[in-house]
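query_32.cif follows (mmCIF, C-alpha atoms):
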```cif
data_my_file
loop_
_atom_site.group_PDB
_atom_site.id
_atom_site.type_symbol
_atom_site.label_atom_id
_atom_site.label_comp_id
_atom_site.auth_asym_id
_atom_site.auth_seq_id
_atom_site.Cartn_x
_atom_site.Cartn_y
_atom_site.Cartn_z
ATOM 1 C CA MET K 1 -18.056 -58.163 30.044
ATOM 2 C CA GLY K 2 -20.295 -55.094 29.656
ATOM 3 C CA ARG K 3 -21.533 -54.101 26.274
ATOM 4 C CA VAL K 4 -20.054 -50.993 24.665
ATOM 5 C CA LYS K 5 -22.614 -48.735 23.026
ATOM 6 C CA THR K 6 -21.637 -47.567 19.590
ATOM 7 C CA GLU K 7 -23.235 -44.998 17.313
ATOM 8 C CA ALA K 8 -24.020 -46.116 13.788
ATOM 9 C CA PRO K 9 -22.093 -44.000 11.242
ATOM 10 C CA GLY K 10 -24.244 -41.485 9.434
ATOM 11 C CA VAL K 11 -27.021 -41.666 12.037
ATOM 12 C CA GLU K 12 -27.620 -38.652 14.289
ATOM 13 C CA THR K 13 -28.351 -39.953 17.765
ATOM 14 C CA PRO K 14 -29.829 -37.657 20.463
ATOM 15 C CA SER K 15 -26.363 -37.236 22.029
ATOM 16 C CA LEU K 16 -24.878 -36.294 18.669
ATOM 17 C CA ARG K 17 -27.628 -33.764 17.944
ATOM 18 C CA LYS K 18 -26.769 -31.919 21.155
ATOM 19 C CA ARG K 19 -23.308 -31.115 19.872
ATOM 20 C CA ARG K 20 -22.824 -27.774 18.147
ATOM 21 C CA ARG K 21 -21.876 -27.686 14.495
ATOM 22 C CA LEU K 22 -18.593 -26.385 13.151
ATOM 23 C CA HIS K 23 -20.381 -23.305 11.800
ATOM 24 C CA PRO K 24 -23.459 -22.414 13.930
ATOM 25 C CA TRP K 25 -26.349 -20.731 12.103
ATOM 26 C CA PRO K 26 -25.594 -17.171 13.349
ATOM 27 C CA LEU K 27 -22.088 -17.464 11.918
ATOM 28 C CA ARG K 28 -23.360 -18.782 8.602
ATOM 29 C CA ILE K 29 -25.844 -15.915 8.247
ATOM 30 C CA MET K 30 -23.153 -13.320 9.028
ATOM 31 C CA HIS K 31 -20.747 -15.006 6.597
ATOM 32 C CA TRP K 32 -23.126 -14.861 3.625
ATOM 33 C CA VAL K 33 -24.354 -11.356 4.448
ATOM 34 C CA ASN K 34 -20.723 -10.275 4.560
ATOM 35 C CA ALA K 35 -20.002 -12.013 1.230
ATOM 36 C CA VAL K 36 -22.757 -10.039 -0.538
ATOM 37 C CA VAL K 37 -21.904 -6.748 1.184
ATOM 38 C CA MET K 38 -18.190 -7.076 0.403
ATOM 39 C CA LEU K 39 -18.961 -7.551 -3.293
ATOM 40 C CA ILE K 40 -21.092 -4.389 -3.208
ATOM 41 C CA MET K 41 -18.412 -2.426 -1.360
ATOM 42 C CA ILE K 42 -15.580 -3.552 -3.624
ATOM 43 C CA ALA K 43 -17.396 -3.048 -6.936
ATOM 44 C CA SER K 44 -18.830 0.338 -5.911
ATOM 45 C CA GLY K 45 -15.442 1.333 -4.511
ATOM 46 C CA TRP K 46 -13.894 0.695 -7.901
ATOM 47 C CA GLY K 47 -16.459 3.025 -9.434
ATOM 48 C CA ILE K 48 -15.519 5.743 -6.926
ATOM 49 C CA TYR K 49 -11.815 5.108 -7.542
ATOM 50 C CA ASP K 50 -12.177 5.661 -11.291
ATOM 51 C CA ASP K 51 -13.461 9.195 -10.647
ATOM 52 C CA ASP K 52 -10.125 10.152 -9.011
ATOM 53 C CA VAL K 53 -7.507 7.471 -9.588
ATOM 54 C CA ILE K 54 -4.646 6.830 -7.182
ATOM 55 C CA ILE K 55 -2.429 4.943 -9.628
ATOM 56 C CA ARG K 56 -2.099 7.031 -12.771
ATOM 57 C CA GLY K 57 -3.265 5.162 -15.856
ATOM 58 C CA PHE K 58 -4.942 2.388 -13.871
ATOM 59 C CA HIS K 59 -8.723 2.179 -14.181
ATOM 60 C CA PHE K 60 -11.371 -0.466 -13.596
ATOM 61 C CA GLY K 61 -13.503 -1.380 -16.582
ATOM 62 C CA SER K 62 -17.255 -0.822 -16.500
ATOM 63 C CA PHE K 63 -17.832 -4.581 -16.135
ATOM 64 C CA TRP K 64 -16.160 -4.532 -12.703
ATOM 65 C CA ARG K 65 -17.819 -1.364 -11.377
ATOM 66 C CA LEU K 66 -21.119 -1.017 -9.555
ATOM 67 C CA GLY K 67 -22.686 2.260 -10.647
ATOM 68 C CA ASP K 68 -22.549 3.991 -14.032
ATOM 69 C CA TRP K 69 -20.750 6.988 -12.570
ATOM 70 C CA ALA K 70 -19.235 8.155 -9.271
ATOM 71 C CA ALA K 71 -22.456 9.439 -7.689
ATOM 72 C CA TRP K 72 -24.262 6.132 -8.209
ATOM 73 C CA SER K 73 -21.215 4.225 -6.968
ATOM 74 C CA LEU K 74 -21.180 6.403 -3.856
ATOM 75 C CA ASN K 75 -24.849 5.626 -3.207
ATOM 76 C CA TRP K 76 -24.147 1.904 -3.403
ATOM 77 C CA HIS K 77 -21.051 2.319 -1.220
ATOM 78 C CA PHE K 78 -22.920 4.200 1.526
ATOM 79 C CA ALA K 79 -25.777 1.689 1.463
ATOM 80 C CA GLY K 80 -23.394 -1.241 1.793
ATOM 81 C CA MET K 81 -21.316 0.535 4.446
ATOM 82 C CA TRP K 82 -24.020 0.327 7.124
ATOM 83 C CA PHE K 83 -24.585 -3.385 6.540
ATOM 84 C CA LEU K 84 -20.825 -3.942 6.638
ATOM 85 C CA VAL K 85 -20.375 -2.090 9.934
ATOM 86 C CA LEU K 86 -23.384 -3.659 11.669
ATOM 87 C CA ASN K 87 -22.615 -7.161 10.415
ATOM 88 C CA GLY K 88 -18.930 -6.714 11.266
ATOM 89 C CA LEU K 89 -19.702 -5.600 14.822
ATOM 90 C CA ALA K 90 -22.037 -8.575 15.256
ATOM 91 C CA TYR K 91 -19.330 -10.922 13.942
ATOM 92 C CA LEU K 92 -16.657 -9.503 16.264
ATOM 93 C CA ALA K 93 -19.007 -9.653 19.251
ATOM 94 C CA TYR K 94 -19.985 -13.238 18.449
ATOM 95 C CA GLY K 95 -16.401 -14.349 17.881
ATOM 96 C CA CYS K 96 -15.202 -12.861 21.169
ATOM 97 C CA ALA K 97 -18.215 -13.834 23.312
ATOM 98 C CA SER K 98 -18.372 -17.431 22.046
ATOM 99 C CA GLY K 99 -14.613 -17.931 22.291
ATOM 100 C CA ARG K 100 -14.476 -18.885 18.613
ATOM 101 C CA PHE K 101 -11.601 -16.520 17.819
ATOM 102 C CA ARG K 102 -9.512 -17.924 20.642
ATOM 103 C CA GLU K 103 -10.416 -21.508 19.802
ATOM 104 C CA LYS K 104 -10.018 -21.371 16.012
ATOM 105 C CA LEU K 105 -7.408 -18.667 15.361
ATOM 106 C CA LEU K 106 -4.941 -19.079 18.221
ATOM 107 C CA PRO K 107 -2.167 -19.896 18.710
ATOM 108 C CA ILE K 108 -0.215 -19.221 15.502
ATOM 109 C CA ARG K 109 3.271 -20.732 15.491
ATOM 110 C CA PRO K 110 5.793 -19.437 12.909
ATOM 111 C CA SER K 111 7.147 -22.944 12.310
ATOM 112 C CA GLU K 112 3.642 -24.159 11.416
ATOM 113 C CA VAL K 113 3.152 -21.222 9.028
ATOM 114 C CA VAL K 114 6.401 -22.106 7.228
ATOM 115 C CA GLN K 115 5.484 -25.793 7.048
ATOM 116 C CA THR K 116 2.015 -25.022 5.660
ATOM 117 C CA VAL K 117 3.521 -22.753 2.980
ATOM 118 C CA VAL K 118 6.039 -25.460 2.039
ATOM 119 C CA ASP K 119 3.254 -28.059 1.799
ATOM 120 C CA THR K 120 1.181 -25.716 -0.384
ATOM 121 C CA LEU K 121 4.111 -25.055 -2.729
ATOM 122 C CA HIS K 122 4.421 -28.823 -3.126
ATOM 123 C CA LEU K 123 0.671 -28.965 -3.909
ATOM 124 C CA ARG K 124 -0.066 -30.826 -0.690
ATOM 125 C CA ILE K 125 -3.301 -29.007 0.040
ATOM 126 C CA ALA K 126 -5.452 -31.833 1.383
ATOM 127 C CA HIS K 127 -7.597 -30.747 4.309
ATOM 128 C CA PRO K 128 -8.931 -33.963 5.883
ATOM 129 C CA ASP K 129 -10.169 -32.302 9.081
ATOM 130 C CA ILE K 130 -12.061 -29.105 8.244
ATOM 131 C CA THR K 131 -12.763 -28.463 11.938
ATOM 132 C CA VAL K 132 -9.119 -27.431 12.406
ATOM 133 C CA TYR K 133 -7.573 -24.420 10.646
ATOM 134 C CA ASN K 134 -3.948 -24.632 9.569
ATOM 135 C CA ALA K 135 -1.485 -21.907 10.535
ATOM 136 C CA VAL K 136 -1.799 -20.002 7.253
ATOM 137 C CA GLN K 137 -5.593 -20.025 7.466
ATOM 138 C CA LYS K 138 -5.412 -18.607 10.992
ATOM 139 C CA LEU K 139 -3.000 -15.899 9.885
ATOM 140 C CA LEU K 140 -5.086 -14.947 6.842
ATOM 141 C CA TYR K 141 -8.298 -14.720 8.885
ATOM 142 C CA ILE K 142 -6.629 -12.424 11.416
ATOM 143 C CA ILE K 143 -5.151 -10.269 8.633
ATOM 144 C CA VAL K 144 -8.509 -9.883 6.859
ATOM 145 C CA ILE K 145 -10.290 -9.031 10.128
ATOM 146 C CA LEU K 146 -7.725 -6.303 10.812
ATOM 147 C CA ALA K 147 -7.988 -5.129 7.195
ATOM 148 C CA GLY K 148 -11.763 -4.877 7.571
ATOM 149 C CA ILE K 149 -11.426 -2.758 10.710
ATOM 150 C CA SER K 150 -8.880 -0.577 8.913
ATOM 151 C CA GLN K 151 -11.266 -0.143 5.971
ATOM 152 C CA VAL K 152 -14.014 1.142 8.236
ATOM 153 C CA ILE K 153 -11.669 3.638 9.925
ATOM 154 C CA THR K 154 -10.079 4.951 6.712
ATOM 155 C CA GLY K 155 -13.456 4.961 4.946
ATOM 156 C CA ILE K 156 -15.037 7.145 7.645
ATOM 157 C CA VAL K 157 -12.015 9.459 7.518
ATOM 158 C CA ILE K 158 -12.395 9.856 3.754
ATOM 159 C CA TRP K 159 -16.134 10.424 4.165
ATOM 160 C CA LYS K 160 -15.835 13.034 6.955
ATOM 161 C CA PRO K 161 -12.345 14.581 6.602
ATOM 162 C CA VAL K 162 -13.318 17.940 8.125
ATOM 163 C CA GLN K 163 -15.150 16.561 11.151
ATOM 164 C CA LEU K 164 -12.361 14.008 11.723
ATOM 165 C CA SER K 165 -9.450 16.296 10.866
ATOM 166 C CA GLY K 166 -7.468 15.051 13.864
ATOM 167 C CA LEU K 167 -7.696 11.451 12.661
ATOM 168 C CA VAL K 168 -6.873 12.583 9.126
ATOM 169 C CA ALA K 169 -3.687 14.193 10.426
ATOM 170 C CA LEU K 170 -2.867 11.055 12.451
ATOM 171 C CA LEU K 171 -3.101 8.955 9.287
ATOM 172 C CA GLY K 172 -0.806 11.324 7.418
ATOM 173 C CA GLY K 173 -3.328 13.352 5.447
ATOM 174 C CA PHE K 174 -6.364 12.810 3.268
ATOM 175 C CA GLN K 175 -4.471 11.356 0.312
ATOM 176 C CA THR K 176 -2.608 8.939 2.575
ATOM 177 C CA ALA K 177 -5.950 7.802 3.971
ATOM 178 C CA ARG K 178 -7.126 7.133 0.411
ATOM 179 C CA VAL K 179 -3.990 5.106 -0.324
ATOM 180 C CA LEU K 180 -4.451 3.096 2.887
ATOM 181 C CA HIS K 181 -8.097 2.497 1.973
ATOM 182 C CA PHE K 182 -7.079 1.295 -1.485
ATOM 183 C CA ALA K 183 -4.375 -0.955 -0.004
ATOM 184 C CA GLY K 184 -6.869 -2.437 2.446
ATOM 185 C CA MET K 185 -9.204 -3.188 -0.447
ATOM 186 C CA ALA K 186 -6.358 -4.964 -2.272
ATOM 187 C CA VAL K 187 -5.658 -7.111 0.810
ATOM 188 C CA ILE K 188 -9.324 -8.101 1.104
ATOM 189 C CA VAL K 189 -9.615 -8.880 -2.622
ATOM 190 C CA GLY K 190 -6.467 -11.017 -2.376
ATOM 191 C CA PHE K 191 -7.943 -12.870 0.591
ATOM 192 C CA LEU K 192 -11.227 -13.457 -1.268
ATOM 193 C CA ILE K 193 -9.402 -14.890 -4.285
ATOM 194 C CA VAL K 194 -7.467 -17.345 -2.082
ATOM 195 C CA HIS K 195 -10.560 -18.100 0.016
ATOM 196 C CA VAL K 196 -12.748 -18.924 -2.999
ATOM 197 C CA ALA K 197 -9.969 -20.940 -4.676
ATOM 198 C CA LEU K 198 -9.491 -23.097 -1.569
ATOM 199 C CA ALA K 199 -13.262 -23.548 -1.206
ATOM 200 C CA LEU K 200 -13.386 -24.870 -4.779
ATOM 201 C CA LEU K 201 -10.386 -27.140 -4.203
ATOM 202 C CA VAL K 202 -11.854 -28.474 -0.942
ATOM 203 C CA PRO K 203 -15.638 -28.460 -1.622
ATOM 204 C CA LYS K 204 -16.572 -29.816 1.813
ATOM 205 C CA THR K 205 -15.538 -26.493 3.343
ATOM 206 C CA LEU K 206 -18.127 -24.752 1.159
ATOM 207 C CA SER K 207 -20.890 -27.236 1.993
ATOM 208 C CA ALA K 208 -20.029 -26.843 5.692
ATOM 209 C CA MET K 209 -20.621 -23.092 5.474
ATOM 210 C CA ILE K 210 -24.001 -23.777 3.898
ATOM 211 C CA ALA K 211 -25.252 -26.672 6.065
ATOM 212 C CA GLY K 212 -23.180 -26.115 9.209
ATOM 213 C CA GLY K 213 -20.605 -28.851 8.805
ATOM 214 C CA PRO K 214 -19.838 -31.716 11.176
ATOM 215 C CA ARG K 215 -20.887 -31.684 14.799
ATOM 216 C CA LEU K 216 -18.009 -31.082 17.203
ATOM 217 C CA LYS K 217 -17.055 -33.090 20.223
ATOM 218 C CA PRO K 218 -17.405 -31.245 23.548
ATOM 219 C CA SER K 219 -14.198 -29.391 24.415
ATOM 220 C CA GLY K 220 -13.843 -31.335 27.638
ATOM 221 C CA HIS K 221 -14.067 -34.622 25.742
ATOM 222 C CA THR K 222 -11.439 -33.436 23.298
ATOM 223 C CA LYS K 223 -9.034 -32.490 26.064
ATOM 224 C CA GLN K 224 -9.478 -35.875 27.723
ATOM 225 C CA GLY K 225 -8.828 -37.611 24.410
ATOM 226 C CA ARG K 226 -5.611 -35.659 23.928
ATOM 227 C CA ALA K 227 -4.483 -36.374 27.447
ATOM 228 C CA ALA K 228 -5.035 -40.071 26.869
#
```
Spell out the structure here as structure tokens.
Amino acid sequence: MGRVKTEAPGVETPSLRKRRRLHPWPLRIMHWVNAVVMLIMIASGWGIYDDDVIIRGFHFGSFWRLGDWAAWSLNWHFAGMWFLVLNGLAYLAYGCASGRFREKLLPIRPSEVVQTVVDTLHLRIAHPDITVYNAVQKLLYIIVILAGISQVITGIVIWKPVQLSGLVALLGGFQTARVLHFAGMAVIVGFLIVHVALALLVPKTLSAMIAGGPRLKPSGHTKQGRAA
């Protein structure tokens, strides 16, 4: 009988090193750049909000704001905006060109979303295989990507309402654009809270975004394994 070659656990053989990691280095760089920029955008946005509140009586305390007053908050917001747009475009281009969006975020089946929610409500939140996103994770990632795109559009409309008067009218007016921008911020903040909480509950997902995570089997190999 022929000998079967096996790879010692924990040892990276040449064949293993050829496999791509769960989070390639370009993705990790864009992720952490986005994390810093989003904090700048949110905190400075709260400073701008306090200058002309949308919800009467609701203000953000100075601890949560970036900028002592609206003008400084605006400066921070404009500075962060360009990094957000450029990094976001790079992320979208990478996700589409590499096939990562299709591979990781699709398909989303309603029955799987319901089952994941039920499991979470029963505190069954174990995530043994971090290379596979559950249905709720897929849905949340798609929602936050769309929210990010919406934030850029509504933010530009608020910034240039005269030059983009047609788009302002399409959105229902300047004040409606502000409300949509505020709502988009709330969606992103909600996502970040859930995202950070899950990263703390499943620490290996955080270490994977720092070091790259496990190396993946070639897609062809995976399909053959499933067929078998």
Given the PyMOL selection byres ((chain K and resi 62-69) around 9) and the file above, list the residues it selects as number ranges by chain. K: 40-48, 50-51, 60-61, 70-77
How would the residues just chosen look if you wrote them out with C-alpha atoms as a CSV table (one decimal), keeping the file's coordinate frame?
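Resulting contents of result04.csv:
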```csv
chain,number,residue,atom,x,y,z
K,40,ILE,CA,-21.1,-4.4,-3.2
K,41,MET,CA,-18.4,-2.4,-1.4
K,42,ILE,CA,-15.6,-3.6,-3.6
K,43,ALA,CA,-17.4,-3.0,-6.9
K,44,SER,CA,-18.8,0.3,-5.9
K,45,GLY,CA,-15.4,1.3,-4.5
K,46,TRP,CA,-13.9,0.7,-7.9
K,47,GLY,CA,-16.5,3.0,-9.4
K,48,ILE,CA,-15.5,5.7,-6.9
K,50,ASP,CA,-12.2,5.7,-11.3
K,51,ASP,CA,-13.5,9.2,-10.6
K,60,PHE,CA,-11.4,-0.5,-13.6
K,61,GLY,CA,-13.5,-1.4,-16.6
K,70,ALA,CA,-19.2,8.2,-9.3
K,71,ALA,CA,-22.5,9.4,-7.7
K,72,TRP,CA,-24.3,6.1,-8.2
K,73,SER,CA,-21.2,4.2,-7.0
K,74,LEU,CA,-21.2,6.4,-3.9
K,75,ASN,CA,-24.8,5.6,-3.2
K,76,TRP,CA,-24.1,1.9,-3.4
K,77,HIS,CA,-21.1,2.3,-1.2
```
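The residue that comes closest to Ile29 (chain K), out of K:Ile142, K:Gly212, K:Gly190, K:Ala97 and on the basis of only C-alpha atoms, is K:Gly212.
Proximity to Ile153 (chain K) at 12 Å, evaluated using only C-alpha atoms and with sequence-adjacent residues fewer than 3 positions away removed, yields K:Met81, K:Val85, K:Leu146, K:Ala147, K:Gly148, K:Ile149, K:Ser150, K:Ile156, K:Val157, K:Ile158, K:Trp159, K:Lys160, K:Pro161, K:Leu164, K:Leu167, K:Val168, K:Leu170, K:Leu171, K:Ala177, K:Arg178, K:Leu180, K:His181, K:Gly184.
Ranking K:Leu84, K:Ala183, K:Ala135, K:Val144 by their shortest atom-to-atom distance to Thr116 (chain K), with only C-alpha atoms included, puts K:Ala135 first.
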Given the PyMOL selection byres ((chain K and resi 119-130) around 9) and the file above, list the residues it selects as a PyMOL selection string. chain K and resi 22+114-118+131-134+198+201-202+204-205+208+213-214
The residue from K:Ala197, K:Leu139, K:Met209, K:Met38 with the smallest atom-to-atom distance to His23 (chain K), counting only C-alpha atoms, is K:Met209
Evaluate the PyMOL selection byres ((chain K and resi 215) around 8) against this structure - the residues, as an NGL selection string, please. :K and (16-17 or 19-22 or 213-214 or 216-217)
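Of note, CA of Leu105 (chain K) and CA of Pro218 (chain K) are spaced 18.0 Å apart.
Among K:Trp32, K:Trp82, K:Phe174, K:Tyr141, the residue with the shortest atom-to-atom distance to Ile188 (chain K), counting all atoms listed in the file, is K:Tyr141.
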Closest of K:Leu140, K:Gln175, K:His59, K:Ile108 to Leu192 (chain K) - atom-to-atom distances counting all atoms listed in the file: K:Leu140
Ranking K:Pro203, K:Val179, K:Ile145, K:Val162 by minimum distance to Leu89 (chain K) and counting all atoms listed in the file, which one comes first? K:Ile145
CA of Ile193 (chain K) to CA of Thr154 (chain K) measures 22.7 Å
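Between CA of Tyr91 (chain K) and CA of Lys138 (chain K) the separation is 16.2 Å.
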So that all listed atoms of region 102-111 of chain K fit with 8 Å spare on each side, what axis-aligned box centre and edge lengths in Å, to one decimal, would you give as AutoDock Vina command-line options?
```
--center_x -1.6 --center_y -20.4 --center_z 16.5 --size_x 33.6 --size_y 21.0 --size_z 24.3
```
